[in-house]
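A.B. asks: One structure follows; several queries about it will come next.
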Amino acid sequence: MFLRKLIVIVLPLGMLLIISLLTPVLASLGAFWGSLLLGLCLGTALGLLLPLSGATRLREPFAWLLWIPAAVILLILLYQYLASMGLDIPLLRLLAVNDTRIITVESAFAAYMLTFSVRTGRGI
């Protein structure tokens, strides 16, 4: 049980990390091909997010746990906003990005997980 709950919480964060690391690499392919491949990666990751997490039924008992990685991502987005306004916390400096595509991907993951958590589980 604990391992399944841990997978539901950690897997989305790992997938988001991989896509965020791939974004600058894909940007080097040019505006069209880079955006095309980034969209394919994002769509594939969001499509696999729930089946790999084990949350595939309409009333999944652990789907409500998806609010935890979504909250972590929202906190990261909050720090990224504050960093763009001039706040600098040395321990969190690695999280500050200026790439709007990464912020878009993070927002998409957070919104998708929050929506699924409310729709299938007990909600937030």
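Numbering starts fresh at 1 for the residues of each chain in the structure tokens, the chains themselves are lettered A, B, ... in the order given, and ligands are numbered from 1 as they appear.
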Can you pull out every residue within 8 Å of Leu77 (chain A), counting only C-alpha atoms, but drop anything in the same chain fewer than 2 positions away, and send it as a ChimeraX atom specification?

C.D. replies: /A:73-75,79-81,103,106-107

A.B. asks: What lies within 9 Å of region 48-50 of chain A using only C-alpha atoms, ignoring chain neighbours under 6 positions off, as an MDAnalysis selection string?

C.D. replies: chainID A and resid 8 11:12 15 56 63 113 116

A.B. asks: Considering only C-alpha atoms, state which residue in the set A:Ala108, A:Ile76, A:Thr44, A:Ile19 is at the smallest distance from Arg93 (chain A).

C.D. replies: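 Residue with the minimum atom-to-atom distance to Arg93 (chain A): A:Ile76.
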
A.B. asks: In Å, how far is it from CA of Gly34 (chain A) to CA of Leu92 (chain A)?

C.D. replies: 27.8 Å

A.B. asks: Between CA of Ser84 (chain A) and CA of Leu26 (chain A), what is the spacing in Å?

C.D. replies: 23.5 Å

A.B. asks: Just want the 9 Å neighbourhood of Lys5 (chain A), counted on only C-alpha atoms, with same-chain residues fewer than 3 positions away dropped. Output as a ChimeraX atom specification.

C.D. replies: /A:1-2,8-10,53,62,65

A.B. asks: If you measure from CA of Leu38 (chain A) to CA of Leu94 (chain A), what distance in Å do you get, rounded to one decimal?

C.D. replies: 21.5 Å
